[in-house]
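Shown below: start_9.txt, with compact mmCIF, N, CA and C atoms.
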```txt
# COMPACT_ATOMS: atom_id res chain seq x y z
N MET A 1 -61.76 9.68 10.13
CA MET A 1 -60.46 9.44 9.56
C MET A 1 -59.46 9.24 10.70
N LEU A 2 -58.65 8.21 10.60
CA LEU A 2 -57.67 7.87 11.62
C LEU A 2 -56.35 8.56 11.34
N ASN A 3 -55.75 9.06 12.39
CA ASN A 3 -54.42 9.66 12.27
C ASN A 3 -53.40 8.63 12.74
N GLY A 4 -52.45 8.28 11.92
CA GLY A 4 -51.45 7.31 12.28
C GLY A 4 -50.80 6.75 11.03
N ILE A 5 -49.94 5.79 11.23
CA ILE A 5 -49.27 5.18 10.10
C ILE A 5 -49.62 3.70 10.06
N THR A 6 -49.59 3.19 8.88
CA THR A 6 -49.90 1.77 8.72
C THR A 6 -48.61 0.96 8.76
N LEU A 7 -48.76 -0.32 8.89
CA LEU A 7 -47.62 -1.22 8.91
C LEU A 7 -46.84 -1.14 7.59
N ILE A 8 -47.53 -1.00 6.50
CA ILE A 8 -46.88 -0.91 5.18
C ILE A 8 -46.03 0.35 5.10
N GLU A 9 -46.54 1.46 5.61
CA GLU A 9 -45.78 2.71 5.60
C GLU A 9 -44.52 2.57 6.48
N LEU A 10 -44.67 1.94 7.62
CA LEU A 10 -43.53 1.73 8.51
C LEU A 10 -42.47 0.85 7.86
N LEU A 11 -42.88 -0.25 7.24
CA LEU A 11 -41.94 -1.14 6.57
C LEU A 11 -41.24 -0.44 5.40
N PHE A 12 -42.00 0.35 4.67
CA PHE A 12 -41.43 1.10 3.55
C PHE A 12 -40.35 2.08 4.05
N THR A 13 -40.62 2.78 5.14
CA THR A 13 -39.66 3.72 5.72
C THR A 13 -38.41 2.99 6.20
N ILE A 14 -38.58 1.86 6.86
CA ILE A 14 -37.43 1.08 7.33
C ILE A 14 -36.60 0.57 6.15
N ALA A 15 -37.26 0.15 5.07
CA ALA A 15 -36.55 -0.32 3.88
C ALA A 15 -35.71 0.80 3.26
N ILE A 16 -36.27 1.99 3.19
CA ILE A 16 -35.53 3.12 2.62
C ILE A 16 -34.32 3.47 3.50
N LEU A 17 -34.51 3.48 4.81
CA LEU A 17 -33.40 3.75 5.72
C LEU A 17 -32.31 2.68 5.60
N GLY A 18 -32.71 1.42 5.46
CA GLY A 18 -31.75 0.34 5.28
C GLY A 18 -30.96 0.49 4.00
N LEU A 19 -31.64 0.87 2.93
CA LEU A 19 -30.98 1.09 1.65
C LEU A 19 -29.98 2.24 1.74
N LEU A 20 -30.37 3.33 2.38
CA LEU A 20 -29.45 4.46 2.55
C LEU A 20 -28.23 4.07 3.40
N ALA A 21 -28.46 3.29 4.44
CA ALA A 21 -27.34 2.84 5.28
C ALA A 21 -26.39 1.95 4.50
N THR A 22 -26.93 1.06 3.67
CA THR A 22 -26.10 0.17 2.86
C THR A 22 -25.28 0.96 1.85
N LEU A 23 -25.89 1.92 1.19
CA LEU A 23 -25.17 2.74 0.21
C LEU A 23 -24.06 3.55 0.89
N THR A 24 -24.34 4.07 2.07
CA THR A 24 -23.33 4.83 2.81
C THR A 24 -22.15 3.93 3.18
N PHE A 25 -22.44 2.72 3.65
CA PHE A 25 -21.40 1.78 4.04
C PHE A 25 -20.54 1.38 2.84
N LEU A 26 -21.18 1.10 1.70
CA LEU A 26 -20.42 0.73 0.50
C LEU A 26 -19.55 1.87 0.01
N SER A 27 -20.05 3.08 0.10
CA SER A 27 -19.26 4.25 -0.28
C SER A 27 -18.05 4.40 0.65
N PHE A 28 -18.24 4.16 1.93
CA PHE A 28 -17.13 4.22 2.89
C PHE A 28 -16.07 3.17 2.57
N LEU A 29 -16.50 1.94 2.26
CA LEU A 29 -15.55 0.87 1.94
C LEU A 29 -14.73 1.22 0.70
N SER A 30 -15.40 1.74 -0.31
CA SER A 30 -14.71 2.12 -1.54
C SER A 30 -13.68 3.22 -1.26
N SER A 31 -14.08 4.19 -0.47
CA SER A 31 -13.18 5.28 -0.12
C SER A 31 -11.98 4.75 0.68
N LYS A 32 -12.22 3.84 1.59
CA LYS A 32 -11.15 3.26 2.41
C LYS A 32 -10.16 2.48 1.53
N ARG A 33 -10.68 1.71 0.59
CA ARG A 33 -9.80 0.96 -0.33
C ARG A 33 -8.93 1.90 -1.15
N ASN A 34 -9.54 2.96 -1.67
CA ASN A 34 -8.77 3.92 -2.46
C ASN A 34 -7.69 4.58 -1.62
N GLN A 35 -8.04 4.93 -0.39
CA GLN A 35 -7.06 5.55 0.48
C GLN A 35 -5.93 4.58 0.82
N ASP A 36 -6.27 3.31 1.08
CA ASP A 36 -5.24 2.30 1.36
C ASP A 36 -4.31 2.12 0.16
N LEU A 37 -4.88 2.10 -1.05
CA LEU A 37 -4.04 1.96 -2.25
C LEU A 37 -3.08 3.14 -2.40
N LEU A 38 -3.57 4.34 -2.17
CA LEU A 38 -2.70 5.52 -2.25
C LEU A 38 -1.60 5.45 -1.20
N LEU A 39 -1.97 5.06 0.02
CA LEU A 39 -0.98 4.96 1.09
C LEU A 39 0.06 3.88 0.79
N GLY A 40 -0.38 2.73 0.30
CA GLY A 40 0.54 1.65 -0.05
C GLY A 40 1.50 2.04 -1.15
N ARG A 41 0.98 2.69 -2.17
CA ARG A 41 1.82 3.14 -3.28
C ARG A 41 2.86 4.15 -2.78
N GLU A 42 2.41 5.12 -2.00
CA GLU A 42 3.32 6.14 -1.50
C GLU A 42 4.38 5.54 -0.57
N ARG A 43 3.98 4.59 0.25
CA ARG A 43 4.94 3.97 1.17
C ARG A 43 6.02 3.22 0.39
N ALA A 44 5.62 2.45 -0.62
CA ALA A 44 6.59 1.70 -1.42
C ALA A 44 7.54 2.66 -2.16
N LEU A 45 6.99 3.69 -2.78
CA LEU A 45 7.83 4.65 -3.51
C LEU A 45 8.75 5.43 -2.57
N THR A 46 8.26 5.75 -1.39
CA THR A 46 9.07 6.48 -0.42
C THR A 46 10.28 5.66 0.01
N VAL A 47 10.07 4.37 0.26
CA VAL A 47 11.19 3.52 0.67
C VAL A 47 12.20 3.39 -0.47
N LEU A 48 11.73 3.25 -1.70
CA LEU A 48 12.65 3.18 -2.85
C LEU A 48 13.44 4.47 -2.98
N ARG A 49 12.76 5.61 -2.84
CA ARG A 49 13.47 6.90 -2.94
C ARG A 49 14.45 7.08 -1.79
N LEU A 50 14.06 6.62 -0.61
CA LEU A 50 14.94 6.72 0.55
C LEU A 50 16.21 5.90 0.34
N ALA A 51 16.06 4.70 -0.20
CA ALA A 51 17.23 3.87 -0.49
C ALA A 51 18.14 4.56 -1.52
N GLN A 52 17.53 5.13 -2.54
CA GLN A 52 18.31 5.82 -3.56
C GLN A 52 19.01 7.05 -2.98
N THR A 53 18.31 7.82 -2.18
CA THR A 53 18.88 9.03 -1.59
C THR A 53 20.03 8.69 -0.64
N ARG A 54 19.84 7.68 0.19
CA ARG A 54 20.91 7.30 1.13
C ARG A 54 22.13 6.77 0.38
N THR A 55 21.90 6.07 -0.72
CA THR A 55 23.03 5.58 -1.52
C THR A 55 23.80 6.75 -2.11
N LEU A 56 23.10 7.69 -2.73
CA LEU A 56 23.76 8.84 -3.35
C LEU A 56 24.47 9.71 -2.31
N ALA A 57 23.91 9.79 -1.10
CA ALA A 57 24.52 10.59 -0.05
C ALA A 57 25.71 9.88 0.59
N GLY A 58 25.86 8.60 0.30
CA GLY A 58 26.96 7.83 0.86
C GLY A 58 26.78 7.54 2.34
N LYS A 59 25.55 7.51 2.80
CA LYS A 59 25.29 7.24 4.21
C LYS A 59 25.81 5.86 4.59
N GLY A 60 26.64 5.82 5.59
CA GLY A 60 27.23 4.56 6.02
C GLY A 60 28.27 4.02 5.05
N SER A 61 28.71 4.85 4.12
CA SER A 61 29.68 4.44 3.10
C SER A 61 29.27 3.14 2.42
N SER A 62 28.00 3.05 2.10
CA SER A 62 27.47 1.81 1.55
C SER A 62 26.34 2.10 0.57
N VAL A 63 26.00 1.09 -0.20
CA VAL A 63 24.80 1.18 -1.01
C VAL A 63 23.61 0.80 -0.13
N TRP A 64 22.44 1.24 -0.56
CA TRP A 64 21.19 0.93 0.14
C TRP A 64 20.24 0.30 -0.86
N GLY A 65 19.30 -0.46 -0.37
CA GLY A 65 18.34 -1.10 -1.24
C GLY A 65 17.02 -1.33 -0.55
N ALA A 66 16.09 -1.91 -1.29
CA ALA A 66 14.76 -2.23 -0.77
C ALA A 66 14.42 -3.65 -1.20
N LYS A 67 13.85 -4.40 -0.27
CA LYS A 67 13.37 -5.75 -0.56
C LYS A 67 11.86 -5.69 -0.57
N LEU A 68 11.26 -6.15 -1.65
CA LEU A 68 9.81 -6.13 -1.81
C LEU A 68 9.22 -7.45 -1.34
N GLU A 69 8.33 -7.39 -0.37
CA GLU A 69 7.64 -8.57 0.13
C GLU A 69 6.14 -8.33 0.00
N PRO A 70 5.34 -9.39 0.06
CA PRO A 70 3.90 -9.20 -0.14
C PRO A 70 3.23 -8.21 0.82
N ALA A 71 3.67 -8.13 2.06
CA ALA A 71 3.01 -7.27 3.03
C ALA A 71 3.83 -6.07 3.47
N ARG A 72 5.06 -5.95 2.96
CA ARG A 72 5.90 -4.84 3.41
C ARG A 72 7.06 -4.60 2.45
N VAL A 73 7.71 -3.46 2.65
CA VAL A 73 8.92 -3.10 1.92
C VAL A 73 10.01 -2.90 2.97
N ILE A 74 11.15 -3.53 2.78
CA ILE A 74 12.22 -3.45 3.76
C ILE A 74 13.38 -2.65 3.19
N LEU A 75 13.75 -1.59 3.89
CA LEU A 75 14.92 -0.79 3.55
C LEU A 75 16.13 -1.46 4.18
N PHE A 76 17.18 -1.66 3.40
CA PHE A 76 18.37 -2.30 3.96
C PHE A 76 19.64 -1.61 3.49
N GLN A 77 20.69 -1.74 4.31
CA GLN A 77 22.01 -1.20 3.99
C GLN A 77 22.90 -2.35 3.59
N GLY A 78 23.51 -2.24 2.42
CA GLY A 78 24.41 -3.27 1.94
C GLY A 78 24.04 -3.70 0.54
N ALA A 79 24.87 -4.55 -0.03
CA ALA A 79 24.67 -4.99 -1.41
C ALA A 79 23.50 -5.95 -1.56
N SER A 80 23.10 -6.61 -0.46
CA SER A 80 21.95 -7.51 -0.52
C SER A 80 21.28 -7.57 0.85
N TYR A 81 20.06 -7.98 0.86
CA TYR A 81 19.29 -8.08 2.11
C TYR A 81 19.89 -9.14 3.03
N ALA A 82 20.39 -10.22 2.45
CA ALA A 82 20.92 -11.33 3.25
C ALA A 82 22.05 -10.89 4.17
N GLY A 83 22.92 -10.02 3.72
CA GLY A 83 24.03 -9.59 4.55
C GLY A 83 23.88 -8.15 5.04
N ALA A 84 22.65 -7.68 5.14
CA ALA A 84 22.40 -6.27 5.47
C ALA A 84 22.85 -5.91 6.88
N ALA A 85 23.54 -4.78 6.98
CA ALA A 85 23.98 -4.28 8.27
C ALA A 85 22.82 -3.61 9.01
N THR A 86 21.94 -2.96 8.29
CA THR A 86 20.81 -2.24 8.88
C THR A 86 19.56 -2.53 8.07
N THR A 87 18.44 -2.76 8.74
CA THR A 87 17.17 -2.95 8.04
C THR A 87 16.06 -2.20 8.77
N SER A 88 15.08 -1.74 8.01
CA SER A 88 13.87 -1.13 8.56
C SER A 88 12.70 -1.60 7.71
N ALA A 89 11.67 -2.13 8.36
CA ALA A 89 10.50 -2.63 7.64
C ALA A 89 9.40 -1.58 7.64
N TYR A 90 8.77 -1.41 6.49
CA TYR A 90 7.65 -0.49 6.32
C TYR A 90 6.46 -1.31 5.83
N ASP A 91 5.49 -1.52 6.71
CA ASP A 91 4.34 -2.36 6.39
C ASP A 91 3.36 -1.64 5.47
N LEU A 92 2.76 -2.41 4.57
CA LEU A 92 1.67 -1.90 3.77
C LEU A 92 0.39 -2.00 4.61
N PRO A 93 -0.64 -1.23 4.29
CA PRO A 93 -1.91 -1.41 5.00
C PRO A 93 -2.35 -2.87 4.90
N SER A 94 -3.00 -3.38 5.94
CA SER A 94 -3.33 -4.81 6.02
C SER A 94 -4.27 -5.27 4.91
N SER A 95 -4.98 -4.37 4.27
CA SER A 95 -5.90 -4.76 3.19
C SER A 95 -5.19 -4.93 1.85
N LEU A 96 -3.89 -4.63 1.80
CA LEU A 96 -3.14 -4.68 0.53
C LEU A 96 -2.11 -5.79 0.53
N GLU A 97 -1.73 -6.17 -0.68
CA GLU A 97 -0.61 -7.09 -0.85
C GLU A 97 0.14 -6.72 -2.13
N MET A 98 1.44 -6.97 -2.11
CA MET A 98 2.27 -6.72 -3.28
C MET A 98 2.43 -8.04 -4.03
N VAL A 99 2.07 -8.03 -5.31
CA VAL A 99 2.11 -9.25 -6.12
C VAL A 99 2.79 -8.95 -7.45
N ASN A 100 3.01 -9.98 -8.22
CA ASN A 100 3.59 -9.87 -9.56
C ASN A 100 4.90 -9.07 -9.56
N ILE A 101 5.76 -9.39 -8.62
CA ILE A 101 7.05 -8.71 -8.55
C ILE A 101 7.95 -9.29 -9.64
N ALA A 102 8.26 -8.46 -10.63
CA ALA A 102 9.06 -8.92 -11.77
C ALA A 102 10.22 -7.95 -11.97
N LEU A 103 11.36 -8.28 -11.38
CA LEU A 103 12.55 -7.45 -11.50
C LEU A 103 13.58 -8.13 -12.39
N GLN A 104 14.38 -7.33 -13.09
CA GLN A 104 15.44 -7.90 -13.92
C GLN A 104 16.38 -8.70 -13.04
N GLY A 105 16.72 -9.87 -13.50
CA GLY A 105 17.59 -10.76 -12.73
C GLY A 105 16.83 -11.57 -11.70
N GLY A 106 15.51 -11.43 -11.67
CA GLY A 106 14.71 -12.16 -10.68
C GLY A 106 14.87 -11.55 -9.30
N GLY A 107 14.37 -12.22 -8.33
CA GLY A 107 14.50 -11.76 -6.96
C GLY A 107 13.51 -10.66 -6.61
N GLN A 108 13.68 -10.14 -5.40
CA GLN A 108 12.77 -9.12 -4.89
C GLN A 108 13.53 -7.92 -4.33
N GLU A 109 14.81 -7.81 -4.66
CA GLU A 109 15.63 -6.74 -4.11
C GLU A 109 16.03 -5.72 -5.17
N ILE A 110 16.04 -4.45 -4.76
CA ILE A 110 16.46 -3.36 -5.64
C ILE A 110 17.55 -2.60 -4.91
N THR A 111 18.73 -2.50 -5.51
CA THR A 111 19.81 -1.69 -4.94
C THR A 111 20.19 -0.61 -5.95
N PHE A 112 20.85 0.44 -5.47
CA PHE A 112 21.16 1.59 -6.31
C PHE A 112 22.66 1.82 -6.38
N SER A 113 23.12 2.31 -7.53
CA SER A 113 24.53 2.60 -7.77
C SER A 113 24.94 3.86 -7.00
N ARG A 114 26.11 3.83 -6.37
CA ARG A 114 26.57 4.97 -5.57
C ARG A 114 26.88 6.19 -6.42
N LEU A 115 27.30 6.01 -7.63
CA LEU A 115 27.68 7.16 -8.45
C LEU A 115 26.49 7.81 -9.16
N THR A 116 25.59 6.98 -9.66
CA THR A 116 24.50 7.52 -10.48
C THR A 116 23.12 7.45 -9.83
N GLY A 117 22.96 6.59 -8.84
CA GLY A 117 21.64 6.42 -8.22
C GLY A 117 20.69 5.58 -9.04
N THR A 118 21.21 4.94 -10.08
CA THR A 118 20.37 4.08 -10.91
C THR A 118 20.43 2.64 -10.39
N THR A 119 19.55 1.82 -10.93
CA THR A 119 19.53 0.42 -10.54
C THR A 119 19.56 -0.47 -11.77
N THR A 120 20.08 -1.67 -11.60
CA THR A 120 20.04 -2.65 -12.68
C THR A 120 18.88 -3.62 -12.48
N GLN A 121 18.17 -3.48 -11.37
CA GLN A 121 17.04 -4.36 -11.07
C GLN A 121 15.70 -3.68 -11.37
N SER A 122 15.62 -3.02 -12.49
CA SER A 122 14.35 -2.37 -12.82
C SER A 122 13.30 -3.43 -13.11
N GLY A 123 12.05 -3.03 -13.02
CA GLY A 123 10.97 -3.97 -13.27
C GLY A 123 9.65 -3.41 -12.78
N THR A 124 8.73 -4.31 -12.51
CA THR A 124 7.39 -3.89 -12.10
C THR A 124 6.91 -4.72 -10.91
N PHE A 125 5.92 -4.17 -10.24
CA PHE A 125 5.20 -4.91 -9.21
C PHE A 125 3.80 -4.30 -9.11
N THR A 126 2.89 -5.04 -8.53
CA THR A 126 1.51 -4.60 -8.40
C THR A 126 1.12 -4.60 -6.94
N ILE A 127 0.44 -3.53 -6.53
CA ILE A 127 -0.15 -3.48 -5.19
C ILE A 127 -1.65 -3.60 -5.38
N ARG A 128 -2.24 -4.60 -4.73
CA ARG A 128 -3.69 -4.82 -4.92
C ARG A 128 -4.41 -4.98 -3.58
N VAL A 129 -5.70 -4.74 -3.67
CA VAL A 129 -6.56 -4.88 -2.49
C VAL A 129 -6.90 -6.34 -2.31
```
Can I see the file as structure tokens?
Amino acid sequence: MLNGITLIELLFTIAILGLLATLTFLSFLSSKRNQDLLLGRERALTVLRLAQTRTLAGKGSSVWGAKLEPARVILFQGASYAGAATTSAYDLPSSLEMVNIALQGGGQEITFSRLTGTTTQSGTFTIRV
């Protein structure tokens, strides 16, 4: 009786290792996408809350807003992004994009009222992988 492994046994072992490596890689990709989506959502909401908070606090004696773009959210000071005195860009993870931006009155900008902290540009947007 010979002690050793056959070519078929070796190929079978390599195939199983390849399958396990593929499953591990796919699980990692799925986890990374989920984490990117959570980060993108939190970043967008944080900028919106920051604009609202700065408006209510009267920082710079001005209203603050956020401009929604496909790859980033821009915090700005002033009634509109076009004439903004101060801006700060917050990028979304590179695997994400913001689409289907549908705000009342059209456009991609959200500003908040100094007295109430509410906005007239309510609407929806989607962050996707």
Between atom CA of A:Arg128 and atom CA of A:Glu97 lies a distance of 5.6 Å
- Task: Based on DSSP run over this structure's backbone, return all residues of chain A in strand (DSSP E), as a count of residues only.
- Result: 33
Test item: residues at most 10 Å from A:Val73, only C-alpha atoms, excluding those fewer than 2 positions along its chain, as a PDB file with N, CA and C atoms, keeping the file's coordinate frame:
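Listing of result16.pdb after writing:
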```pdb
ATOM      1  N   GLY A  40      -0.380   2.730   0.300  1.00  0.00           N
ATOM      2  CA  GLY A  40       0.540   1.650  -0.050  1.00  0.00           C
ATOM      3  C   GLY A  40       1.500   2.040  -1.150  1.00  0.00           C
ATOM      4  N   ARG A  43       3.980   4.590   0.250  1.00  0.00           N
ATOM      5  CA  ARG A  43       4.940   3.970   1.170  1.00  0.00           C
ATOM      6  C   ARG A  43       6.020   3.220   0.390  1.00  0.00           C
ATOM      7  N   ALA A  44       5.620   2.450  -0.620  1.00  0.00           N
ATOM      8  CA  ALA A  44       6.590   1.700  -1.420  1.00  0.00           C
ATOM      9  C   ALA A  44       7.540   2.660  -2.160  1.00  0.00           C
ATOM     10  N   LEU A  45       6.990   3.690  -2.780  1.00  0.00           N
ATOM     11  CA  LEU A  45       7.830   4.650  -3.510  1.00  0.00           C
ATOM     12  C   LEU A  45       8.750   5.430  -2.570  1.00  0.00           C
ATOM     13  N   THR A  46       8.260   5.750  -1.390  1.00  0.00           N
ATOM     14  CA  THR A  46       9.070   6.480  -0.420  1.00  0.00           C
ATOM     15  C   THR A  46      10.280   5.660   0.010  1.00  0.00           C
ATOM     16  N   VAL A  47      10.070   4.370   0.260  1.00  0.00           N
ATOM     17  CA  VAL A  47      11.190   3.520   0.670  1.00  0.00           C
ATOM     18  C   VAL A  47      12.200   3.390  -0.470  1.00  0.00           C
ATOM     19  N   LEU A  48      11.730   3.250  -1.700  1.00  0.00           N
ATOM     20  CA  LEU A  48      12.650   3.180  -2.850  1.00  0.00           C
ATOM     21  C   LEU A  48      13.440   4.470  -2.980  1.00  0.00           C
ATOM     22  N   ALA A  66      16.090  -1.910  -1.290  1.00  0.00           N
ATOM     23  CA  ALA A  66      14.760  -2.230  -0.770  1.00  0.00           C
ATOM     24  C   ALA A  66      14.420  -3.650  -1.200  1.00  0.00           C
ATOM     25  N   LYS A  67      13.850  -4.400  -0.270  1.00  0.00           N
ATOM     26  CA  LYS A  67      13.370  -5.750  -0.560  1.00  0.00           C
ATOM     27  C   LYS A  67      11.860  -5.690  -0.570  1.00  0.00           C
ATOM     28  N   LEU A  68      11.260  -6.150  -1.650  1.00  0.00           N
ATOM     29  CA  LEU A  68       9.810  -6.130  -1.810  1.00  0.00           C
ATOM     30  C   LEU A  68       9.220  -7.450  -1.340  1.00  0.00           C
ATOM     31  N   GLU A  69       8.330  -7.390  -0.370  1.00  0.00           N
ATOM     32  CA  GLU A  69       7.640  -8.570   0.130  1.00  0.00           C
ATOM     33  C   GLU A  69       6.140  -8.330   0.000  1.00  0.00           C
ATOM     34  N   PRO A  70       5.340  -9.390   0.060  1.00  0.00           N
ATOM     35  CA  PRO A  70       3.900  -9.200  -0.140  1.00  0.00           C
ATOM     36  C   PRO A  70       3.230  -8.210   0.820  1.00  0.00           C
ATOM     37  N   ALA A  71       3.670  -8.130   2.060  1.00  0.00           N
ATOM     38  CA  ALA A  71       3.010  -7.270   3.030  1.00  0.00           C
ATOM     39  C   ALA A  71       3.830  -6.070   3.470  1.00  0.00           C
ATOM     40  N   LEU A  75      13.750  -1.590   3.890  1.00  0.00           N
ATOM     41  CA  LEU A  75      14.920  -0.790   3.550  1.00  0.00           C
ATOM     42  C   LEU A  75      16.130  -1.460   4.180  1.00  0.00           C
ATOM     43  N   PHE A  76      17.180  -1.660   3.400  1.00  0.00           N
ATOM     44  CA  PHE A  76      18.370  -2.300   3.960  1.00  0.00           C
ATOM     45  C   PHE A  76      19.640  -1.610   3.490  1.00  0.00           C
ATOM     46  N   SER A  88      15.080  -1.740   8.010  1.00  0.00           N
ATOM     47  CA  SER A  88      13.870  -1.130   8.560  1.00  0.00           C
ATOM     48  C   SER A  88      12.700  -1.600   7.710  1.00  0.00           C
ATOM     49  N   ALA A  89      11.670  -2.130   8.360  1.00  0.00           N
ATOM     50  CA  ALA A  89      10.500  -2.630   7.640  1.00  0.00           C
ATOM     51  C   ALA A  89       9.400  -1.580   7.640  1.00  0.00           C
ATOM     52  N   TYR A  90       8.770  -1.410   6.490  1.00  0.00           N
ATOM     53  CA  TYR A  90       7.650  -0.490   6.320  1.00  0.00           C
ATOM     54  C   TYR A  90       6.460  -1.310   5.830  1.00  0.00           C
ATOM     55  N   ASP A  91       5.490  -1.520   6.710  1.00  0.00           N
ATOM     56  CA  ASP A  91       4.340  -2.360   6.390  1.00  0.00           C
ATOM     57  C   ASP A  91       3.360  -1.640   5.470  1.00  0.00           C
ATOM     58  N   LEU A  92       2.760  -2.410   4.570  1.00  0.00           N
ATOM     59  CA  LEU A  92       1.670  -1.900   3.770  1.00  0.00           C
ATOM     60  C   LEU A  92       0.390  -2.000   4.610  1.00  0.00           C
ATOM     61  N   MET A  98       1.440  -6.970  -2.110  1.00  0.00           N
ATOM     62  CA  MET A  98       2.270  -6.720  -3.280  1.00  0.00           C
ATOM     63  C   MET A  98       2.430  -8.040  -4.030  1.00  0.00           C
ATOM     64  N   GLN A 108      13.680 -10.140  -5.400  1.00  0.00           N
ATOM     65  CA  GLN A 108      12.770  -9.120  -4.890  1.00  0.00           C
ATOM     66  C   GLN A 108      13.530  -7.920  -4.330  1.00  0.00           C
ATOM     67  N   GLU A 109      14.810  -7.810  -4.660  1.00  0.00           N
ATOM     68  CA  GLU A 109      15.630  -6.740  -4.110  1.00  0.00           C
ATOM     69  C   GLU A 109      16.030  -5.720  -5.170  1.00  0.00           C
TER      70      GLU A 109
END
```
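Of the residues under consideration (A:Gly4, A:Gly65, A:Gly60, A:Gly107), A:Gly107 shows the shortest atom-to-atom contact distance to A:Phe125 when counting only C-alpha atoms.
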Here atom C of A:Thr124 and atom CA of A:Arg41 stand apart by 12.1 Å
Residue with the minimum atom-to-atom distance to A:Thr86, picked from A:Ala51, A:Ala21, A:Thr120, A:Ile8 with only C-alpha atoms counted, is A:Ala51
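In this comparison, which uses only C-alpha atoms, the residue of A:Gly58, A:Leu29, A:Gly117, A:Ala79 approaching A:Val129 most closely is A:Leu29.
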Checklist line | Point-to-point distance in Å for atom N of A:Tyr81 and atom C of A:Arg54 | finding: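 Taking atom C of A:Arg54 as the start and atom N of A:Tyr81 as the end point, the length is 14.9 Å.
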* **Residue nearest A:Asn100 - candidates A:Leu11, A:Thr126, A:Ser80, A:Phe112, atoms counted: all atoms listed in the file** =>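 Nearest candidate to A:Asn100 out of A:Leu11, A:Thr126, A:Ser80, A:Phe112: A:Thr126.
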So which residues are close to (25.3, 6.4, -8.2), meaning at most 9 Å away in the file's coordinates with only C-alpha atoms counted, and can you show them as a list in words?
Gln52, Thr55, Leu56, Val63, Phe112, Ser113, Arg114, Leu115, Thr116, Gly117, Thr118 and Thr119 of chain A
Supply stretch 108-120 of chain A as a compact mmCIF listing (two decimals), keeping the file's coordinate frame, with N, CA, C and O atoms built in where the input has gaps.
```
# COMPACT_ATOMS: atom_id res chain seq x y z
N GLN A 108 13.68 -10.14 -5.40
CA GLN A 108 12.77 -9.12 -4.89
C GLN A 108 13.53 -7.92 -4.33
O GLN A 108 12.96 -7.12 -3.62
N GLU A 109 14.81 -7.81 -4.66
CA GLU A 109 15.63 -6.74 -4.11
C GLU A 109 16.03 -5.72 -5.17
O GLU A 109 16.33 -6.08 -6.30
N ILE A 110 16.04 -4.45 -4.76
CA ILE A 110 16.46 -3.36 -5.64
C ILE A 110 17.55 -2.60 -4.91
O ILE A 110 17.34 -2.14 -3.78
N THR A 111 18.73 -2.50 -5.51
CA THR A 111 19.81 -1.69 -4.94
C THR A 111 20.19 -0.61 -5.95
O THR A 111 19.91 -0.74 -7.15
N PHE A 112 20.85 0.44 -5.47
CA PHE A 112 21.16 1.59 -6.31
C PHE A 112 22.66 1.82 -6.38
O PHE A 112 23.39 1.57 -5.43
N SER A 113 23.12 2.31 -7.53
CA SER A 113 24.53 2.60 -7.77
C SER A 113 24.94 3.86 -7.00
O SER A 113 24.21 4.86 -7.01
N ARG A 114 26.11 3.83 -6.37
CA ARG A 114 26.57 4.97 -5.57
C ARG A 114 26.88 6.19 -6.42
O ARG A 114 26.73 7.31 -5.95
N LEU A 115 27.30 6.01 -7.63
CA LEU A 115 27.68 7.16 -8.45
C LEU A 115 26.49 7.81 -9.16
O LEU A 115 26.41 9.02 -9.26
N THR A 116 25.59 6.98 -9.66
CA THR A 116 24.50 7.52 -10.48
C THR A 116 23.12 7.45 -9.83
O THR A 116 22.20 8.13 -10.25
N GLY A 117 22.96 6.59 -8.84
CA GLY A 117 21.64 6.42 -8.22
C GLY A 117 20.69 5.58 -9.04
O GLY A 117 19.51 5.49 -8.74
N THR A 118 21.21 4.94 -10.08
CA THR A 118 20.37 4.08 -10.91
C THR A 118 20.43 2.64 -10.39
O THR A 118 21.25 2.31 -9.55
N THR A 119 19.55 1.82 -10.93
CA THR A 119 19.53 0.42 -10.54
C THR A 119 19.56 -0.47 -11.77
O THR A 119 19.13 -0.06 -12.85
N THR A 120 20.08 -1.67 -11.60
CA THR A 120 20.04 -2.65 -12.68
C THR A 120 18.88 -3.62 -12.48
O THR A 120 18.65 -4.48 -13.31
```
